[in-house]
4 protein chains.
Amino acid sequence: MPSRNATAAIIGAGDFIGGAIAERFAREGYTVFAGRRSAEKLPALVQTIEKAGGRCIGRALDARKEDDITAFLEEADKTAPLEVCVFNPGANVNFPVLDTTERVFRKVWEMACYGGFLTGREAARRMLPHGKGTILFTGATASLRGGKGYAAFASAKFGLRAVAQSMARELGPQNIHVAHLIIDAGVDTAFVRDRIRQRGGDEAVAKIQPDQLMNPQSVANAYWQLHEQTRDGWTFELDLRPYGETW
Amino acid sequence: MPSRNATAAIIGAGDFIGGAIAERFAREGYTVFAGRRSAEKLPALVQTIEKAGGRCIGRALDARKEDDITAFLEEADKTAPLEVCVFNPGANVNFPVLDTTERVFRKVWEMACYGGFLTGREAARRMLPHGKGTILFTGATASLRGGKGYAAFASAKFGLRAVAQSMARELGPQNIHVAHLIIDAGVDTAFVRDRIRQRGGDEAVAKIQPDQLMNPQSVANAYWQLHEQTRDGWTFELDLRPYGETW
Amino acid sequence: MPSRNATAAIIGAGDFIGGAIAERFAREGYTVFAGRRSAEKLPALVQTIEKAGGRCIGRALDARKEDDITAFLEEADKTAPLEVCVFNPGANVNFPVLDTTERVFRKVWEMACYGGFLTGREAARRMLPHGKGTILFTGATASLRGGKGYAAFASAKFGLRAVAQSMARELGPQNIHVAHLIIDAGVDTAFVRDRIRQRGGDEAVAKIQPDQLMNPQSVANAYWQLHEQTRDGWTFELDLRPYGETW
Amino acid sequence: MPSRNATAAIIGAGDFIGGAIAERFAREGYTVFAGRRSAEKLPALVQTIEKAGGRCIGRALDARKEDDITAFLEEADKTAPLEVCVFNPGANVNFPVLDTTERVFRKVWEMACYGGFLTGREAARRMLPHGKGTILFTGATASLRGGKGYAAFASAKFGLRAVAQSMARELGPQNIHVAHLIIDAGVDTAFVRDRIRQRGGDEAVAKIQPDQLMNPQSVANAYWQLHEQTRDGWTFELDLRPYGETW
């Protein structure tokens with residue numbers, strides 16, 4: 001395993017793809033700062049990474065709090081130059097618009113959009129003095145389409161995409177690569193399998209075909225490849241979905 | 001002038017196009033409820049409309065406050081069935097993303113996106129019992145493009161567009177017409193002419209060609225035409241710009 | 001009925017919306033030139049328009065032939081200044097891409113895209129000396145989405161949309177209004193009702209709800225309203241679908 | 001260098017990125033079939049690849065001819081299973097729409113769109129019996145925007161994108177990965193440097209900054225990475241531009 005004097009910070013280092021992204025960058029020699037709301041789930045990720053020979057510091061944080069984001073990225077950048085920052089919190093909810101409370105609408109936005117703005121701005125502030133960096137935002141189907149029941153979630157994801165676009169246009173010429181990934185399908189996690197079980201029973205889970213759901217590691221790979229792009233040919237946006245997905 | 005037992009509520013009945021929209025719907029016989037932050041500017045609008053034989057009630061409100069929106073639309077609907085609701089507050093700011101404070105980012109979102117969600121939801125709640133209605137959202141160039149300096153504004157306008165899409169998909173089958181207008185250029189107002197004067201002097205203002213800027217009444221006309229569409233052929237989105245505009 | 005010294009040319013004046021567009025512009029006083037492939041269906045349209053007090057000249061033409069387009073628009077412009085031109089031929093086919101012959105792919109493109117380029121260019125050549133004009137292109141769901149089985153049709157409709165965009169950007173500043181309408185649902189015609197009958201029997205036809213299908217006249221109305229826009233606020237693109245449509 | 005019993009066919013193996021893509025897949029062990037119109041330029045590419053230890057067969061072909069495409073891909077597939085096919089012919093022209101002849105419009109479409117349809121279909125026909133394959137289409141800025149002077153080119157590139165979308169949706173579930181790359185800037189080639197010289201002299205060429213233009217090898221790398229994606233997470237579309245590009 002290579003070792004680098006650089007940190008990669010993951011905000012939303014959760015059970016879906018955030019953890020896999022953390023593992024992937026750790027495997028490439030980065031000291032990973034893994035942030036998420038549920039502190040109790042961090043030790044397992046840290047152990048997995050350390051067991052594989054990597055370095056990972058876990059920190060509980062609330063992506064909706066400017067102080068949390070700032071402190072987290074500052075600590076990462078103090079440890080070693082912040083080179084990669086991934087914004088990946090989930091906030092997927094589905095309510096008819098008439099049943100969407102102002103509290104839900106605001107909370108989803110704070111988690112999925114406002115937190116992304118804070119993260120991107122604070123990461124850029126630390127990367128610019130180093131003269132380089134990569135900032136990656138996780139998008140979703142709802143980043144491009146406001147479907148039924150998605151007024152809150154799509155609004156936040158549309159908003160995050162705009163932040164990513166503005167940042168890419170402003171920071172690209174300053175050697176900061178900003179990209180946005182449209183994750184357009186379900187990822188293979190315990191949570192998703194449980195949901196399939198709830199709907200269709202054990203039979204439905206048994207029927208899941210190989211590669212029907214995205215492996216978090218495949219998704220993490222796309223984040224890594226974007227980071228590896230040379231600056232003469234940067235991608236701002238790409239989509240990801242399994243081969244059998246209807247879209 | 002026709003007279004209707006129906007109200008049209010304009011949130012953001014301001015100097016740009018909001019006032020012209022209010023006048024247009026008043027001219028068509030609607031009792032117009034005109035809401036905006038600056039109470040002191042409402043009497044002029046009310047007078048203009050009344051002088052032309054229309055009815056207009058002006059109310060100061062803060063589109064970021066659920067109670068204000070609810071009270072405003074409730075009063076309108078109590079006066080006569082709420083048939084039209086336009087969400088039109090401006091919130092255009094331009095800051096480099098690194099100079100965008102969390103306060104600005106949040107405020108712009110509250111005005112341009114969150115307020116739109118509240119308005120749409122509250123309007124729909126009142127229209128559904130009547131079995132019909134039209135909800136119109138004002139978009140901008142920044143609804144489709146996150147340009148340099150527009151992290152906050154584009155994020156809010158992208159988010160508003162998602163709200164409009166979700167609402168259109170949910171409420172269309174319930175006979176509520178939801179549409180989103182992309183206003184892709186400057187409107188001819190005192191403010192815009194002043195800005196041109198500041199940049200290029202009186203000479204620049206003198207050089208403004210006829211129809212180079214959009215007449216607020218032309219824009220208001222598009223809102224009216226959307227409302228007039230029969231439900232077998234509804235438009236969700238259209239763009240508007242002057243003939244000479246580069247886009 | 002008003003009378004104007006101006007012509008409106010409809011290429012693709014067919015049974016769906018083309019005929020309704022012809023009737024609409026005739027009703028507004030334009031001398032309508034109605035062109036379509038099947039000459040035998042033109043007299044009925046001409047009679048309908050004349051009976052209503054309008055003027056209509058029907059001409060058989062093949063929109064894939066430069067000479068046909070040129071002669072048709074030249075005759076219209078000789079009769080009275082060409083002020084409106086609508087490109088509306090249908091070419092909707094659905095084949096799996098592997099079963100799409102090169103002949104079908106080419107023919108669909110010639111009808112739906114190449115013919116649109118010829119029409120737009122020849123209309124503009126005649127309108128520019130008059131200093132004004134409106135050119136309207138009919139788009140479809142497939143103008144924005146390449147779905148399964150639509151390689152040929154979507155490719156042609158995407159291509160037509162690009163032609164419309166380029167023309168709008170080039171000709172707008174010369175006072176030619178170019179617009180593109182996304183017709184995103186079925187129109188209420190004998191053909192569509194027959195197809196529904198074939199699939200679901202008389203019962204299915206009986207179950208068609210009011211306003212479930214678009215009335216051709218409602219669609220034609222949108223064409224008219226675009227033409228009526230003042231040049232300080234032109235729309236390039238709008239979509240149209242019935243209130244109950246899933247999209 | 002690995003050796004594979006598989007072929008990669010490049011249609012449009014030209015001086016810009018096509019040659020670099022050929023080299024890249026050759027380096028990964030594929031027997032490369034390089035097709036382009038100008039036969040006299042093929043030996044240089046073949047030699048470069050062979051010198052590096054790779055295998056390359058050059059064939060002159062006209063991407064507008066069904067027989068040429070079919071024979072080329074058939075020969076490739078006979079040599080070893082066709083696993084990768086890249087459609088990359090250039091056809092960039094800029095003419096005001098009024099100066100665009102029907103001949104130019106048709107020719108550009110035949111090269112950039114119709115040839116892509118033929119290539120995709122014929123590649124799929126050969127890949128499906130093998131149960132897998134990757135088909136990659138080269139797009140451009142004009143794939144998404146019909147700018148001034150681009151009626152012909154944008155129309156063809158829009159059309160190609162639709163073909164790619166339809167094919168991706170149809171063939172994905174059959175394990176054929178179809179993707180579309182938006183090359184949104186100039187590539188560093190002798191041709192582009194000459195054009196810069198013509199406009200700004202030697203001085204302008206001397207001022208070209210490192211990474212201001214895309215290195216063809218960086219672009220080729222993106223094609224390779226798309227091919228390497230596992231099928232549980234395929235990208236349909238990504239964009240590529242240099243870090244300093246305005247977009």
# chains A, B, ... in the order shown; residues from 1 in each chain; ligands from 1

$ interface_residues --of "chain B" --to "chain D" --cutoff "12 Å" --atoms "only C-alpha atoms" --output "mmCIF file with N, CA and C atoms, in the first residue's frame"
data_model
loop_
_atom_site.group_PDB
_atom_site.id
_atom_site.type_symbol
_atom_site.label_atom_id
_atom_site.label_comp_id
_atom_site.auth_asym_id
_atom_site.auth_seq_id
_atom_site.Cartn_x
_atom_site.Cartn_y
_atom_site.Cartn_z
ATOM 1 N N ARG B 145 -28.457 26.720 -14.938
ATOM 2 C CA ARG B 145 -27.005 26.810 -15.058
ATOM 3 C C ARG B 145 -26.403 27.412 -13.800
ATOM 4 N N GLY B 146 -25.472 26.691 -13.201
ATOM 5 C CA GLY B 146 -24.763 27.202 -12.040
ATOM 6 C C GLY B 146 -23.505 27.912 -12.510
ATOM 7 N N GLY B 147 -23.611 29.195 -12.794
ATOM 8 C CA GLY B 147 -22.486 29.947 -13.328
ATOM 9 C C GLY B 147 -21.554 30.453 -12.233
ATOM 10 N N LYS B 148 -20.463 31.059 -12.657
ATOM 11 C CA LYS B 148 -19.506 31.632 -11.710
ATOM 12 C C LYS B 148 -20.195 32.678 -10.849
ATOM 13 N N THR B 246 -28.265 37.210 -26.489
ATOM 14 C CA THR B 246 -27.351 36.091 -26.753
ATOM 15 C C THR B 246 -27.579 35.034 -25.680
ATOM 16 N N TRP B 247 -27.760 33.805 -26.090
ATOM 17 C CA TRP B 247 -27.980 32.721 -25.110
ATOM 18 C C TRP B 247 -27.342 31.423 -25.593
#

$ select_by_dssp --residues "region 25-195 of chain C" --states "strand (DSSP E or B)" --output "MDAnalysis selection string"
chainID C and resid 31:36 55:60 82:87 133:140 176:183 187

$ write_last_selection --atoms "C-alpha atoms" --output "CSV table (one decimal), in the first residue's frame"
chain,number,residue,atom,x,y,z
C,31,THR,CA,-53.7,32.9,-46.3
C,32,VAL,CA,-52.7,29.4,-45.4
C,33,PHE,CA,-50.5,27.2,-47.6
C,34,ALA,CA,-51.0,23.7,-46.5
C,35,GLY,CA,-48.5,21.1,-47.7
C,36,ARG,CA,-48.5,17.4,-47.1
C,55,ARG,CA,-58.3,31.1,-47.4
C,56,CYS,CA,-56.2,27.9,-47.9
C,57,ILE,CA,-54.2,26.6,-50.8
C,58,GLY,CA,-53.3,22.9,-50.6
C,59,ARG,CA,-50.2,21.5,-52.2
C,60,ALA,CA,-48.8,18.0,-52.2
C,82,LEU,CA,-44.5,34.8,-45.8
C,83,GLU,CA,-44.9,35.6,-42.2
C,84,VAL,CA,-45.3,32.2,-40.5
C,85,CYS,CA,-43.9,28.8,-41.3
C,86,VAL,CA,-44.6,25.6,-39.3
C,87,PHE,CA,-42.7,22.4,-39.8
C,133,GLY,CA,-41.3,36.2,-39.4
C,134,THR,CA,-42.1,33.2,-37.2
C,135,ILE,CA,-40.7,29.7,-37.7
C,136,LEU,CA,-42.2,26.9,-35.5
C,137,PHE,CA,-40.9,23.4,-35.2
C,138,THR,CA,-42.9,20.5,-33.8
C,139,GLY,CA,-41.0,18.4,-31.3
C,140,ALA,CA,-42.0,15.3,-29.3
C,176,ILE,CA,-37.2,36.0,-36.9
C,177,HIS,CA,-38.8,34.2,-34.0
C,178,VAL,CA,-37.8,30.5,-34.0
C,179,ALA,CA,-39.5,28.2,-31.5
C,180,HIS,CA,-39.7,24.5,-30.8
C,181,LEU,CA,-42.7,22.8,-29.2
C,182,ILE,CA,-42.4,19.6,-27.3
C,183,ILE,CA,-45.7,17.7,-27.8
C,187,VAL,CA,-53.4,14.0,-29.6

$ atom_distance --atom1 "CA of Thr79 (chain D)" --atom2 "CA of Arg126 (chain D)"
12.2 Å

$ atom_distance --atom1 "CA of Ala162 (chain C)" --atom2 "CA of Leu213 (chain D)"
26.4 Å

$ residues_around --residues "Asp62 (chain C)" --least-positions-apart "3" --cutoff "7 Å" --atoms "only C-alpha atoms" --output "VMD selection string"
chain C and resid 36 to 37 65 68

$ residues_around --residues "region 104-108 of chain B" --least-positions-apart "5" --cutoff "8 Å" --atoms "only C-alpha atoms" --output "PyMOL selection string"
(chain A and resi 114) or (chain B and resi 91-93+113+152-153+156)

$ residues_around --residues "Glu28 (chain A)" --least-positions-apart "6" --cutoff "10 Å" --atoms "only C-alpha atoms" --output "PyMOL selection string"
chain A and resi 1-4+54+224

$ select_by_dssp --residues "region 38-221 of chain D" --states "alpha helix (DSSP H)" --output "number ranges by chain"
D: 42-51, 66-79, 102-109, 115-127, 151-171, 190-206, 216-221

$ atom_distance --atom1 "CA of Gly244 (chain B)" --atom2 "CA of Trp234 (chain C)"
9.9 Å

$ residues_around --residues "Ala20 (chain A)" --least-positions-apart "4" --cutoff "8 Å" --atoms "only C-alpha atoms" --output "PyMOL selection string"
chain A and resi 16+24+216-217+220

$ closest_residue --among "B:Pro129, B:Gly19, B:Gly233, B:Gly120" --to "Asn215 (chain C)" --atoms "only C-alpha atoms"
B:Gly233

$ decode --residues "region 115-232 of chain B" --atoms "C-alpha atoms" --output "compact mmCIF listing (two decimals), in the first residue's frame"
# COMPACT_ATOMS: atom_id res chain seq x y z
CA GLY B 115 -40.70 30.25 0.21
CA GLY B 116 -41.70 28.71 -3.10
CA PHE B 117 -42.28 25.35 -1.51
CA LEU B 118 -44.44 26.91 1.22
CA THR B 119 -46.35 28.96 -1.32
CA GLY B 120 -46.98 26.04 -3.63
CA ARG B 121 -48.06 23.73 -0.84
CA GLU B 122 -50.38 26.26 0.79
CA ALA B 123 -51.87 27.33 -2.51
CA ALA B 124 -52.53 23.70 -3.45
CA ARG B 125 -54.17 23.01 -0.11
CA ARG B 126 -56.66 25.78 -0.82
CA MET B 127 -57.16 25.03 -4.51
CA LEU B 128 -57.77 21.29 -4.23
CA PRO B 129 -61.16 21.67 -2.48
CA HIS B 130 -62.22 23.95 -5.36
CA GLY B 131 -61.12 21.29 -7.84
CA LYS B 132 -58.85 23.55 -9.87
CA GLY B 133 -56.12 26.16 -9.83
CA THR B 134 -52.93 27.47 -11.39
CA ILE B 135 -49.58 27.81 -9.61
CA LEU B 136 -46.82 29.64 -11.45
CA PHE B 137 -43.17 29.83 -10.42
CA THR B 138 -40.70 32.39 -11.73
CA GLY B 139 -37.38 30.90 -12.79
CA ALA B 140 -34.25 32.46 -14.23
CA THR B 141 -31.18 31.66 -16.29
CA ALA B 142 -29.75 30.37 -13.04
CA SER B 143 -32.52 27.75 -12.85
CA LEU B 144 -30.63 25.75 -15.47
CA ARG B 145 -27.00 26.81 -15.06
CA GLY B 146 -24.76 27.20 -12.04
CA GLY B 147 -22.49 29.95 -13.33
CA LYS B 148 -19.51 31.63 -11.71
CA GLY B 149 -20.58 33.58 -8.67
CA TYR B 150 -24.00 32.02 -8.54
CA ALA B 151 -23.54 29.18 -6.05
CA ALA B 152 -26.21 30.61 -3.75
CA PHE B 153 -28.67 31.94 -6.30
CA ALA B 154 -28.46 29.05 -8.77
CA SER B 155 -28.72 26.54 -5.95
CA ALA B 156 -31.96 28.14 -4.80
CA LYS B 157 -33.35 28.45 -8.33
CA PHE B 158 -32.44 24.85 -9.24
CA GLY B 159 -34.18 23.82 -6.03
CA LEU B 160 -37.30 25.82 -6.85
CA ARG B 161 -37.47 24.19 -10.27
CA ALA B 162 -37.43 20.76 -8.62
CA VAL B 163 -40.28 21.79 -6.34
CA ALA B 164 -42.23 22.96 -9.38
CA GLN B 165 -41.59 19.67 -11.22
CA SER B 166 -42.64 17.51 -8.30
CA MET B 167 -45.74 19.59 -7.74
CA ALA B 168 -46.65 19.51 -11.42
CA ARG B 169 -46.40 15.73 -11.50
CA GLU B 170 -48.38 15.28 -8.29
CA LEU B 171 -51.03 17.93 -8.74
CA GLY B 172 -51.62 17.91 -12.50
CA PRO B 173 -53.89 14.85 -12.30
CA GLN B 174 -55.84 16.71 -9.61
CA ASN B 175 -56.48 19.57 -12.01
CA ILE B 176 -53.90 21.98 -10.61
CA HIS B 177 -51.74 23.45 -13.36
CA VAL B 178 -48.19 24.01 -12.12
CA ALA B 179 -45.74 25.77 -14.43
CA HIS B 180 -42.25 27.23 -14.31
CA LEU B 181 -41.12 30.19 -16.41
CA ILE B 182 -37.44 30.67 -17.22
CA ILE B 183 -36.94 34.45 -17.40
CA ASP B 184 -33.64 34.40 -19.28
CA ALA B 185 -32.80 38.10 -19.57
CA GLY B 186 -33.11 41.52 -18.03
CA VAL B 187 -36.50 43.14 -17.60
CA ASP B 188 -36.97 46.81 -18.37
CA THR B 189 -37.23 48.45 -14.95
CA ALA B 190 -35.87 51.55 -13.28
CA PHE B 191 -33.45 49.33 -11.38
CA VAL B 192 -32.02 47.71 -14.51
CA ARG B 193 -31.68 51.07 -16.27
CA ASP B 194 -29.89 52.45 -13.24
CA ARG B 195 -27.48 49.56 -13.28
CA ILE B 196 -26.79 50.15 -16.95
CA ARG B 197 -26.25 53.84 -16.18
CA GLN B 198 -23.80 52.99 -13.41
CA ARG B 199 -21.77 50.87 -15.78
CA GLY B 200 -21.93 52.92 -18.97
CA GLY B 201 -23.32 56.32 -18.10
CA ASP B 202 -26.27 58.12 -19.64
CA GLU B 203 -24.90 57.27 -23.03
CA ALA B 204 -25.36 53.57 -22.37
CA VAL B 205 -28.94 54.14 -21.29
CA ALA B 206 -29.60 56.23 -24.39
CA LYS B 207 -28.29 53.40 -26.54
CA ILE B 208 -30.76 50.84 -25.22
CA GLN B 209 -32.61 49.63 -28.27
CA PRO B 210 -36.37 49.18 -28.34
CA ASP B 211 -37.24 45.66 -27.18
CA GLN B 212 -33.68 45.03 -26.03
CA LEU B 213 -35.01 44.61 -22.51
CA MET B 214 -38.18 42.72 -21.70
CA ASN B 215 -41.23 44.78 -20.96
CA PRO B 216 -42.73 43.53 -17.67
CA GLN B 217 -46.11 43.48 -19.36
CA SER B 218 -44.88 41.07 -22.01
CA VAL B 219 -43.64 38.78 -19.29
CA ALA B 220 -46.93 39.11 -17.42
CA ASN B 221 -48.70 38.14 -20.60
CA ALA B 222 -46.91 34.80 -20.62
CA TYR B 223 -48.17 34.10 -17.10
CA TRP B 224 -51.67 34.90 -18.21
CA GLN B 225 -51.48 32.67 -21.26
CA LEU B 226 -50.28 29.74 -19.18
CA HIS B 227 -53.25 30.22 -16.89
CA GLU B 228 -55.59 30.28 -19.87
CA GLN B 229 -54.38 26.97 -21.31
CA THR B 230 -57.04 24.29 -21.32
CA ARG B 231 -56.13 21.26 -19.26
CA ASP B 232 -55.86 18.94 -22.24
